[in-house]
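See below for entry-v1.pdb, which holds PDB, C-alpha atoms and all ligand atoms.
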```
ATOM      1  CA  MET A  26       0.000   0.000   0.000
ATOM      2  CA  SER A  27       1.277   3.470  -0.884
ATOM      3  CA  GLN A  28       2.070   5.820   1.992
ATOM      4  CA  SER A  29       0.697   8.935   0.318
ATOM      5  CA  LYS A  30      -1.921  10.372  -1.985
ATOM      6  CA  CYS A  31      -1.298  12.810  -4.799
ATOM      7  CA  GLY A  32      -3.324  14.165  -7.683
ATOM      8  CA  VAL A  33      -4.308  17.024  -9.923
ATOM      9  CA  VAL A  34      -7.410  19.073  -9.168
ATOM     10  CA  ALA A  35      -8.770  21.468 -11.799
ATOM     11  CA  VAL A  36     -10.690  24.510 -10.588
ATOM     12  CA  ILE A  37     -13.195  25.601 -13.216
ATOM     13  CA  GLY A  38     -16.152  27.958 -13.403
ATOM     14  CA  ARG A  39     -17.519  30.957 -15.209
ATOM     15  CA  PRO A  40     -15.721  34.297 -14.705
ATOM     16  CA  ASN A  41     -15.828  35.913 -11.255
ATOM     17  CA  VAL A  42     -17.218  33.008  -9.213
ATOM     18  CA  GLY A  43     -14.100  33.033  -7.007
ATOM     19  CA  LYS A  44     -11.832  30.334  -8.494
ATOM     20  CA  SER A  45      -8.592  32.182  -7.823
ATOM     21  CA  THR A  46      -9.662  33.222  -4.325
ATOM     22  CA  LEU A  47     -10.532  29.583  -3.611
ATOM     23  CA  MET A  48      -7.210  28.255  -4.847
ATOM     24  CA  ASN A  49      -5.276  30.887  -2.879
ATOM     25  CA  ALA A  50      -7.270  30.044   0.249
ATOM     26  CA  LEU A  51      -6.642  26.315  -0.177
ATOM     27  CA  VAL A  52      -2.935  26.743  -0.832
ATOM     28  CA  GLY A  53      -2.597  29.444   1.831
ATOM     29  CA  GLU A  54      -0.706  31.876  -0.429
ATOM     30  CA  HIS A  55      -1.735  34.658  -2.759
ATOM     31  CA  LEU A  56      -0.595  32.906  -5.940
ATOM     32  CA  SER A  57      -3.378  33.547  -8.378
ATOM     33  CA  ILE A  58      -4.563  37.098  -8.866
ATOM     34  CA  THR A  59      -8.065  38.171  -7.922
ATOM     35  CA  SER A  60     -10.258  41.193  -8.410
ATOM     36  CA  SER A  61     -13.928  42.103  -8.483
ATOM     37  CA  LYS A  62     -13.724  42.303 -12.289
ATOM     38  CA  PRO A  63     -14.465  39.101 -14.223
ATOM     39  CA  GLN A  64     -11.742  37.468 -16.316
ATOM     40  CA  THR A  65      -8.793  38.583 -14.238
ATOM     41  CA  THR A  66      -7.066  35.226 -14.584
ATOM     42  CA  ARG A  67      -5.473  34.796 -17.998
ATOM     43  CA  HIS A  68      -3.060  31.948 -17.413
ATOM     44  CA  ARG A  69      -3.199  28.509 -15.950
ATOM     45  CA  VAL A  70      -1.645  28.638 -12.478
ATOM     46  CA  LEU A  71      -0.551  25.611 -10.500
ATOM     47  CA  GLY A  72      -0.884  25.761  -6.728
ATOM     48  CA  VAL A  73       0.593  22.904  -4.738
ATOM     49  CA  MET A  74      -0.458  22.054  -1.197
ATOM     50  CA  THR A  75       0.856  19.169   0.839
ATOM     51  CA  GLU A  76      -0.735  18.210   4.140
ATOM     52  CA  GLU A  77      -2.075  15.323   6.120
ATOM     53  CA  VAL A  78      -5.692  14.396   5.447
ATOM     54  CA  SER A  79      -7.212  11.582   7.519
ATOM     55  CA  ALA A  80      -3.697  10.667   8.713
ATOM     56  CA  LEU A  81      -2.397  10.224   5.157
ATOM     57  CA  PRO A  82       0.169  12.661   3.673
ATOM     58  CA  THR A  83      -1.641  14.174   0.699
ATOM     59  CA  GLN A  84      -0.454  16.419  -2.105
ATOM     60  CA  PHE A  85      -3.067  18.465  -3.935
ATOM     61  CA  ILE A  86      -1.973  19.993  -7.236
ATOM     62  CA  PHE A  87      -4.558  22.640  -8.002
ATOM     63  CA  VAL A  88      -4.882  24.084 -11.484
ATOM     64  CA  ASP A  89      -6.599  27.461 -11.497
ATOM     65  CA  THR A  90      -8.013  28.262 -14.913
ATOM     66  CA  PRO A  91      -9.261  31.420 -16.584
ATOM     67  CA  GLY A  92     -13.054  31.800 -16.421
ATOM     68  CA  PHE A  93     -14.454  30.148 -19.546
ATOM     69  CA  GLN A  94     -15.569  32.828 -21.980
ATOM     70  CA  THR A  95     -18.523  32.410 -24.248
ATOM     71  CA  LYS A  96     -19.209  36.027 -25.191
ATOM     72  CA  HIS A  97     -16.190  37.522 -26.944
ATOM     73  CA  SER A  98     -13.885  35.857 -29.412
ATOM     74  CA  SER A  99     -10.579  37.724 -29.481
ATOM     75  CA  ALA A 100      -7.377  35.704 -29.893
ATOM     76  CA  LEU A 101      -6.782  36.232 -26.160
ATOM     77  CA  ASN A 102     -10.147  34.734 -25.211
ATOM     78  CA  LYS A 103      -9.654  31.786 -27.546
ATOM     79  CA  THR A 104      -6.275  31.170 -25.930
ATOM     80  CA  MET A 105      -7.855  31.329 -22.483
ATOM     81  CA  ASN A 106     -10.616  28.881 -23.390
ATOM     82  CA  ARG A 107      -7.994  26.513 -24.755
ATOM     83  CA  ALA A 108      -6.205  26.739 -21.398
ATOM     84  CA  VAL A 109      -9.402  25.608 -19.636
ATOM     85  CA  LEU A 110      -9.855  22.614 -21.914
ATOM     86  CA  THR A 111      -6.195  21.593 -21.620
ATOM     87  CA  ALA A 112      -6.477  21.763 -17.845
ATOM     88  CA  LEU A 113      -9.304  19.231 -17.916
ATOM     89  CA  GLY A 114      -7.429  16.766 -20.076
ATOM     90  CA  ASP A 115      -5.590  14.894 -17.386
ATOM     91  CA  VAL A 116      -6.948  15.532 -13.903
ATOM     92  CA  ASN A 117      -8.107  13.396 -10.998
ATOM     93  CA  VAL A 118     -10.835  15.672  -9.685
ATOM     94  CA  ILE A 119     -12.665  18.724 -11.022
ATOM     95  CA  LEU A 120     -13.942  21.484  -8.751
ATOM     96  CA  TRP A 121     -16.837  23.154 -10.543
ATOM     97  CA  VAL A 122     -17.238  26.465  -8.742
ATOM     98  CA  ILE A 123     -20.535  28.350  -8.704
ATOM     99  CA  GLU A 124     -21.931  31.180  -6.582
ATOM    100  CA  GLN A 125     -24.473  30.643  -3.812
ATOM    101  CA  ASP A 126     -28.058  30.898  -4.959
ATOM    102  CA  LYS A 127     -27.074  31.395  -8.619
ATOM    103  CA  LEU A 128     -27.127  28.726 -11.259
ATOM    104  CA  THR A 129     -26.732  30.275 -14.691
ATOM    105  CA  ASP A 130     -26.544  29.045 -18.269
ATOM    106  CA  ALA A 131     -22.871  29.976 -18.250
ATOM    107  CA  ASP A 132     -22.328  27.700 -15.220
ATOM    108  CA  LEU A 133     -24.011  24.810 -17.023
ATOM    109  CA  LYS A 134     -21.961  25.407 -20.161
ATOM    110  CA  VAL A 135     -18.811  25.041 -18.091
ATOM    111  CA  LEU A 136     -20.176  21.905 -16.427
ATOM    112  CA  ALA A 137     -20.806  20.380 -19.853
ATOM    113  CA  LEU A 138     -17.062  20.625 -20.577
ATOM    114  CA  CYS A 139     -16.185  18.121 -17.853
ATOM    115  CA  PRO A 140     -14.977  14.867 -19.384
ATOM    116  CA  LYS A 141     -16.915  11.697 -18.467
ATOM    117  CA  GLY A 142     -15.359   9.510 -15.797
ATOM    118  CA  VAL A 143     -13.635  12.321 -13.858
ATOM    119  CA  PRO A 144     -15.240  12.986 -10.456
ATOM    120  CA  VAL A 145     -16.747  16.478 -10.304
ATOM    121  CA  ILE A 146     -17.281  18.235  -6.985
ATOM    122  CA  ALA A 147     -19.741  21.128  -7.072
ATOM    123  CA  VAL A 148     -18.357  23.921  -4.902
ATOM    124  CA  ILE A 149     -20.971  26.469  -3.894
ATOM    125  CA  ASN A 150     -18.895  29.547  -3.086
ATOM    126  CA  LYS A 151     -19.574  32.918  -1.390
ATOM    127  CA  LEU A 152     -21.676  31.338   1.340
ATOM    128  CA  ASP A 153     -20.921  34.406   3.473
ATOM    129  CA  GLN A 154     -23.134  36.443   1.133
ATOM    130  CA  LEU A 155     -26.175  34.322   1.865
ATOM    131  CA  ASP A 156     -28.461  36.151   4.302
ATOM    132  CA  ASN A 157     -30.919  33.334   4.788
ATOM    133  CA  LYS A 158     -29.091  30.096   5.619
ATOM    134  CA  ASN A 159     -32.328  28.147   5.066
ATOM    135  CA  LEU A 160     -31.791  28.633   1.341
ATOM    136  CA  VAL A 161     -28.672  26.454   1.272
ATOM    137  CA  LEU A 162     -30.441  23.099   1.262
ATOM    138  CA  PRO A 163     -32.952  23.852  -1.526
ATOM    139  CA  PHE A 164     -30.091  25.260  -3.612
ATOM    140  CA  ILE A 165     -27.996  22.122  -3.025
ATOM    141  CA  GLU A 166     -30.989  20.103  -4.164
ATOM    142  CA  LYS A 167     -31.296  22.166  -7.342
ATOM    143  CA  VAL A 168     -27.583  21.742  -8.070
ATOM    144  CA  SER A 169     -27.679  18.003  -7.406
ATOM    145  CA  GLY A 170     -30.186  17.590 -10.227
ATOM    146  CA  GLN A 171     -27.685  18.859 -12.803
ATOM    147  CA  ALA A 172     -25.183  15.984 -12.767
ATOM    148  CA  ASN A 173     -23.969  13.006 -10.809
ATOM    149  CA  PHE A 174     -21.599  14.925  -8.531
ATOM    150  CA  ALA A 175     -18.983  13.202  -6.389
ATOM    151  CA  ALA A 176     -19.934  15.730  -3.687
ATOM    152  CA  ILE A 177     -21.559  19.123  -3.264
ATOM    153  CA  VAL A 178     -19.670  21.346  -0.848
ATOM    154  CA  PRO A 179     -20.729  24.868   0.192
ATOM    155  CA  VAL A 180     -17.775  27.101   1.142
ATOM    156  CA  SER A 181     -16.696  30.675   1.531
ATOM    157  CA  ALA A 182     -13.289  31.094  -0.093
ATOM    158  CA  GLN A 183     -13.061  34.627   1.246
ATOM    159  CA  SER A 184     -13.763  33.856   4.895
ATOM    160  CA  LYS A 185     -12.128  30.414   4.609
ATOM    161  CA  LYS A 186     -15.267  28.528   5.657
ATOM    162  CA  ASN A 187     -15.502  24.761   5.219
ATOM    163  CA  LEU A 188     -12.229  24.473   3.325
ATOM    164  CA  ASP A 189     -11.286  21.437   5.411
ATOM    165  CA  GLY A 190     -14.541  19.793   4.372
ATOM    166  CA  LEU A 191     -13.650  20.495   0.760
ATOM    167  CA  LYS A 192     -10.114  19.108   1.147
ATOM    168  CA  GLN A 193     -11.552  15.917   2.688
ATOM    169  CA  ALA A 194     -13.988  15.522  -0.202
ATOM    170  CA  VAL A 195     -11.202  16.034  -2.757
ATOM    171  CA  ALA A 196      -8.719  13.733  -0.984
ATOM    172  CA  GLU A 197     -11.194  10.843  -1.232
ATOM    173  CA  HIS A 198     -10.757  10.911  -5.002
ATOM    174  CA  LEU A 199      -6.966  11.271  -5.195
ATOM    175  CA  PRO A 200      -5.006   8.155  -6.081
ATOM    176  CA  GLU A 201      -2.528   6.627  -3.688
ATOM    177  CA  GLN A 202       0.829   7.452  -5.221
ATOM    178  CA  PRO A 203       4.062   9.295  -4.374
ATOM    179  CA  PHE A 204       4.179  13.108  -4.437
ATOM    180  CA  PHE A 205       4.915  14.815  -7.783
ATOM    181  CA  TYR A 206       6.534  17.849  -6.103
ATOM    182  CA  ASP A 207       8.682  18.489  -3.011
ATOM    183  CA  GLU A 208       6.587  19.046   0.091
ATOM    184  CA  ASP A 209       7.470  22.739   0.284
ATOM    185  CA  THR A 210       6.672  23.513  -3.379
ATOM    186  CA  LEU A 211       3.934  26.131  -3.765
ATOM    187  CA  THR A 212       3.724  26.633  -7.504
ATOM    188  CA  ASP A 213       5.302  25.651 -10.799
ATOM    189  CA  ARG A 214       5.312  29.280 -11.908
ATOM    190  CA  PRO A 215       8.630  31.184 -11.753
ATOM    191  CA  GLU A 216       8.971  34.339  -9.650
ATOM    192  CA  LYS A 217       9.128  36.405 -12.833
ATOM    193  CA  PHE A 218       5.624  35.265 -13.746
ATOM    194  CA  LEU A 219       4.306  35.876 -10.239
ATOM    195  CA  ALA A 220       5.799  39.400 -10.315
ATOM    196  CA  ALA A 221       4.057  40.268 -13.590
ATOM    197  CA  GLU A 222       0.780  38.900 -12.233
ATOM    198  CA  ARG A 223       1.030  41.061  -9.086
ATOM    199  CA  ILE A 224       1.232  44.169 -11.286
ATOM    200  CA  ARG A 225      -1.641  42.973 -13.441
ATOM    201  CA  GLU A 226      -3.739  42.463 -10.329
ATOM    202  CA  LYS A 227      -3.139  46.076  -9.255
ATOM    203  CA  LEU A 228      -4.164  47.278 -12.707
ATOM    204  CA  PHE A 229      -7.419  45.366 -12.340
ATOM    205  CA  ARG A 230      -8.014  46.734  -8.877
ATOM    206  CA  LEU A 231      -6.912  50.350  -9.324
ATOM    207  CA  VAL A 232      -7.633  51.306 -12.926
ATOM    208  CA  GLY A 233     -11.090  52.117 -14.404
ATOM    209  CA  ASP A 234     -13.540  49.522 -15.648
ATOM    210  CA  GLU A 235     -12.511  48.361 -19.109
ATOM    211  CA  LEU A 236      -8.910  49.493 -19.314
ATOM    212  CA  PRO A 237      -7.202  46.564 -17.522
ATOM    213  CA  TYR A 238      -8.588  44.153 -20.122
ATOM    214  CA  THR A 239      -6.601  45.953 -22.789
ATOM    215  CA  CYS A 240      -3.303  45.879 -20.852
ATOM    216  CA  THR A 241      -0.692  43.290 -20.129
ATOM    217  CA  VAL A 242       2.586  43.235 -18.224
ATOM    218  CA  VAL A 243       6.031  42.140 -19.394
ATOM    219  CA  ILE A 244       9.042  41.753 -17.119
ATOM    220  CA  ASP A 245      12.098  43.235 -18.874
ATOM    221  CA  LYS A 246      14.593  42.491 -16.135
ATOM    222  CA  PHE A 247      14.555  40.257 -13.060
ATOM    223  CA  THR A 248      17.814  39.909 -11.171
ATOM    224  CA  ILE A 249      18.934  39.490  -7.588
ATOM    225  CA  GLU A 250      21.428  42.166  -6.566
ATOM    226  CA  ASP A 251      22.812  42.479  -3.025
ATOM    227  CA  GLY A 252      20.089  40.157  -1.759
ATOM    228  CA  ARG A 253      17.171  42.098  -3.216
ATOM    229  CA  ARG A 254      15.175  41.412  -6.325
ATOM    230  CA  VAL A 255      15.532  44.104  -8.974
ATOM    231  CA  ILE A 256      12.558  44.069 -11.325
ATOM    232  CA  TYR A 257      11.903  46.245 -14.392
ATOM    233  CA  ALA A 258       8.415  45.868 -15.782
ATOM    234  CA  SER A 259       6.536  47.295 -18.767
ATOM    235  CA  ILE A 260       2.787  47.698 -18.839
ATOM    236  CA  LEU A 261       1.688  47.327 -22.464
ATOM    237  CA  VAL A 262      -1.378  49.314 -23.455
ATOM    238  CA  ASP A 263      -3.370  49.506 -26.640
ATOM    239  CA  ARG A 264      -3.531  53.280 -27.126
ATOM    240  CA  GLN A 265      -1.707  56.468 -26.253
ATOM    241  CA  SER A 266      -4.759  57.730 -24.294
ATOM    242  CA  HIS A 267      -4.651  54.605 -22.112
ATOM    243  CA  LYS A 268      -1.061  55.311 -21.234
ATOM    244  CA  ALA A 269      -2.009  58.643 -19.696
ATOM    245  CA  MET A 270      -4.842  57.023 -17.723
ATOM    246  CA  ILE A 271      -2.531  54.480 -16.156
ATOM    247  CA  ILE A 272       0.166  56.998 -15.326
ATOM    248  CA  GLY A 273      -2.423  59.332 -13.778
ATOM    249  CA  LYS A 274      -2.138  62.938 -12.707
ATOM    250  CA  GLY A 275       1.469  63.696 -11.800
ATOM    251  CA  GLY A 276       2.243  59.973 -12.067
ATOM    252  CA  GLU A 277       0.181  59.225  -8.941
ATOM    253  CA  LYS A 278      -1.729  56.217 -10.298
ATOM    254  CA  LEU A 279       1.336  54.412 -11.619
ATOM    255  CA  LYS A 280       3.165  55.141  -8.376
ATOM    256  CA  ARG A 281       0.376  53.503  -6.389
ATOM    257  CA  ILE A 282       0.185  50.474  -8.717
ATOM    258  CA  ALA A 283       3.940  49.939  -8.419
ATOM    259  CA  SER A 284       4.043  50.531  -4.692
ATOM    260  CA  GLU A 285       1.222  48.090  -3.887
ATOM    261  CA  ALA A 286       2.622  45.496  -6.301
ATOM    262  CA  ARG A 287       6.071  45.815  -4.717
ATOM    263  CA  GLN A 288       4.675  45.321  -1.207
ATOM    264  CA  ASP A 289       2.834  42.165  -2.315
ATOM    265  CA  MET A 290       5.972  40.838  -4.009
ATOM    266  CA  GLU A 291       8.043  41.425  -0.871
ATOM    267  CA  SER A 292       5.551  39.425   1.146
ATOM    268  CA  LEU A 293       5.330  36.632  -1.456
ATOM    269  CA  PHE A 294       9.093  36.373  -2.058
ATOM    270  CA  GLN A 295       9.960  37.114   1.581
ATOM    271  CA  GLY A 296      12.671  39.598   0.654
ATOM    272  CA  ARG A 297      13.234  43.153  -0.512
ATOM    273  CA  VAL A 298      12.163  44.204  -3.999
ATOM    274  CA  HIS A 299      13.196  47.169  -6.140
ATOM    275  CA  LEU A 300      10.513  47.649  -8.789
ATOM    276  CA  GLU A 301      10.521  50.061 -11.719
ATOM    277  CA  THR A 302       7.566  50.224 -14.089
ATOM    278  CA  TRP A 303       7.048  51.825 -17.496
ATOM    279  CA  VAL A 304       3.929  52.138 -19.629
ATOM    280  CA  LYS A 305       4.343  51.434 -23.368
ATOM    281  CA  VAL A 306       1.905  51.554 -26.279
ATOM    282  CA  ARG A 307       1.707  48.239 -28.195
ATOM    283  CA  SER A 308      -1.479  48.417 -30.272
ATOM    284  CA  GLY A 309      -3.524  45.262 -30.906
ATOM    285  CA  TRP A 310      -1.519  42.990 -28.601
ATOM    286  CA  ALA A 311      -4.634  41.029 -27.475
ATOM    287  CA  ASP A 312      -5.535  40.136 -31.065
ATOM    288  CA  ASN A 313      -2.083  39.163 -32.207
ATOM    289  CA  ALA A 314      -1.665  35.406 -31.691
ATOM    290  CA  GLY A 315       2.110  35.514 -32.318
ATOM    291  CA  LEU A 316       2.626  38.327 -29.860
ATOM    292  CA  LEU A 317       0.481  36.530 -27.262
ATOM    293  CA  GLN A 318       2.741  33.522 -27.487
ATOM    294  CA  SER A 319       5.827  35.648 -27.045
ATOM    295  CA  LEU A 320       4.192  37.207 -23.970
ATOM    296  CA  GLY A 321       3.847  33.755 -22.424
ATOM    297  CA  TYR A 322       0.180  32.910 -23.012
ATOM    298  CA  ASP A 323       0.042  29.149 -23.459
TER     299      ASP A 323
HETATM  300  N1  LIG B   1     -18.155  37.555  -0.521
HETATM  301  C1  LIG B   1     -17.290  36.730  -1.131
HETATM  302  N2  LIG B   1     -16.604  37.163  -2.197
HETATM  303  C2  LIG B   1     -15.740  36.297  -2.801
HETATM  304  C3  LIG B   1     -15.557  34.971  -2.331
HETATM  305  N3  LIG B   1     -14.664  34.365  -3.150
HETATM  306  C4  LIG B   1     -14.295  35.283  -4.070
HETATM  307  N4  LIG B   1     -14.944  36.443  -3.863
HETATM  308  C5  LIG B   1     -14.822  37.695  -4.644
HETATM  309  O1  LIG B   1     -15.280  37.467  -5.964
HETATM  310  C6  LIG B   1     -14.509  38.236  -6.903
HETATM  311  C7  LIG B   1     -13.926  37.323  -7.968
HETATM  312  O2  LIG B   1     -12.994  36.465  -7.369
HETATM  313  P1  LIG B   1     -11.836  35.757  -8.221
HETATM  314  O3  LIG B   1     -11.187  34.779  -7.303
HETATM  315  O4  LIG B   1     -10.995  36.770  -8.920
HETATM  316  O5  LIG B   1     -12.753  35.008  -9.294
HETATM  317  P2  LIG B   1     -12.336  34.091 -10.530
HETATM  318  O6  LIG B   1     -13.426  33.074 -10.667
HETATM  319  O7  LIG B   1     -10.944  33.576 -10.384
HETATM  320  O8  LIG B   1     -12.436  35.134 -11.703
HETATM  321  P3  LIG B   1     -11.868  35.087 -13.214
HETATM  322  O9  LIG B   1     -10.460  35.563 -13.148
HETATM  323  O10 LIG B   1     -12.805  36.039 -13.840
HETATM  324  O11 LIG B   1     -12.035  33.727 -13.768
HETATM  325  C8  LIG B   1     -13.448  38.968  -6.055
HETATM  326  O12 LIG B   1     -13.920  40.258  -5.786
HETATM  327  C9  LIG B   1     -13.382  38.135  -4.794
HETATM  328  O13 LIG B   1     -12.968  38.891  -3.657
HETATM  329  C10 LIG B   1     -16.306  34.551  -1.174
HETATM  330  O14 LIG B   1     -16.213  33.436  -0.669
HETATM  331  N5  LIG B   1     -17.158  35.478  -0.626
END
```
For the structure just supplied, provide its representation as structure tokens.
Ligand SMILES: Nc1nc2c(ncn2[C@@H]2O[C@H](COP(=O)(O)OP(=O)(O)OP(=O)(O)O)[C@@H](O)[C@H]2O)c(=O)[nH]1
Amino acid sequence: MSQSKCGVVAVIGRPNVGKSTLMNALVGEHLSITSSKPQTTRHRVLGVMTEEVSALPTQFIFVDTPGFQTKHSSALNKTMNRAVLTALGDVNVILWVIEQDKLTDADLKVLALCPKGVPVIAVINKLDQLDNKNLVLPFIEKVSGQANFAAIVPVSAQSKKNLDGLKQAVAEHLPEQPFFYDEDTLTDRPEKFLAAERIREKLFRLVGDELPYTCTVVIDKFTIEDGRRVIYASILVDRQSHKAMIIGKGGEKLKRIASEARQDMESLFQGRVHLETWVKVRSGWADNAGLLQSLGYD
């Protein structure tokens, strides 16, 4: 008998249901970026968590995916949808995340993507937003009619409610096999990627409604000098007018984006960071498949 369990868990759902928040809460680190705007996540992000579940050392390899897009069809969105489908190709468990008291056509479209034979756990997120707790059971009943779920688990990713229950439910479906990663591994993504994502998160949180969707971030330099990380980053925008909006009056907006991103990086990397950011105009980057590839979109 094997002494450990290990497996891959895909986290899927329509945009904005809380997939990234859930993965971060499960892994215990702010790996995947989150914001109140849908479609913040553009890349597949692996989060690794190793802990004992029911007295058995267990390694969960979570794959956070971009919210599946059915509305727009830019090259970027096609690339993101492909990332969702690839993530489902070879997993042990799927977490299908929905919001409490909401079951939409978009949710069901995502559910229909799940390959047959892979256990699907329905995760009802944002439980903290539910005023009337009596509504949980009827909603669970409604959800249970949609598919043959391995389990239905209500949680709050934000207030970390019932995450242990979710881990237990997932662990039941992981195969007994040796770990794929060292016990202290958190992610397969390099620091350079995590740095760019921190800046992108601040753009989503601090810049007006539509603008962040038309931006991306490229790291031009990432070195360690005298024990601190020195990072030069460019924010690519579509138009000259967008550049001014990101820089802000007297450079205030860009200063705040960089300062908050730097603080997050210092906490994530547990060391000092020197961050310099520039804003550059690169028109049509989201529609240029070749450019997307060179920017690291898989
Ligand atoms: N109240 C509440 N809000 C939550 C919870 N989980 C996530 N959120 C919020 O929901 C919003 C979307 O969360 P994300 O984790 O970015 O959602 P996502 O599904 O990864 O979004 P995409 O990147 O669009 O695919 C953010 O504002 C989160 O703070 C929760 O349990 N309770």
Residue contacts of Val304 in chain A (8 Å, only C-alpha atoms) excluding same-chain residues fewer than 5 positions away, as an MDAnalysis selection string: chainID A and resid 259:262 268 271:272
How far is it from CA of Pro203 in chain A to CA of Gly32 in chain A, in Å with one decimal?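 So the two atoms, CA of Pro203 in chain A and CA of Gly32 in chain A, lie 9.4 Å apart.
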Pick the closest to Leu293 in chain A from A:Glu166, A:Glu222, A:Glu208, A:Asp153: which is it, counting only C-alpha atoms? A:Glu222
Given the file above and the PyMOL selection byres (((chain A and resi 283) around 8) and not hetatm), which residues are selected, and can you give them as a list in words?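 Matching residues under the PyMOL selection byres (((chain A and resi 283) around 8) and not hetatm) are Ile224, Leu279, Lys280, Arg281, Ile282, Ser284, Glu285, Ala286, Arg287, Leu300, Glu301 and Thr302 of chain A.
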Given only C-alpha atoms as the basis, pick out the residue of A:Phe87, A:Phe294, A:Tyr206, A:Phe229 nearest to Ile249 in chain A. A:Phe294
Applied to this file, what does the PyMOL selection byres (((chain A and resi 308) around 8) and not hetatm) return in terms of residues, put as a ChimeraX atom specification? /A:262-264,306-307,309-310
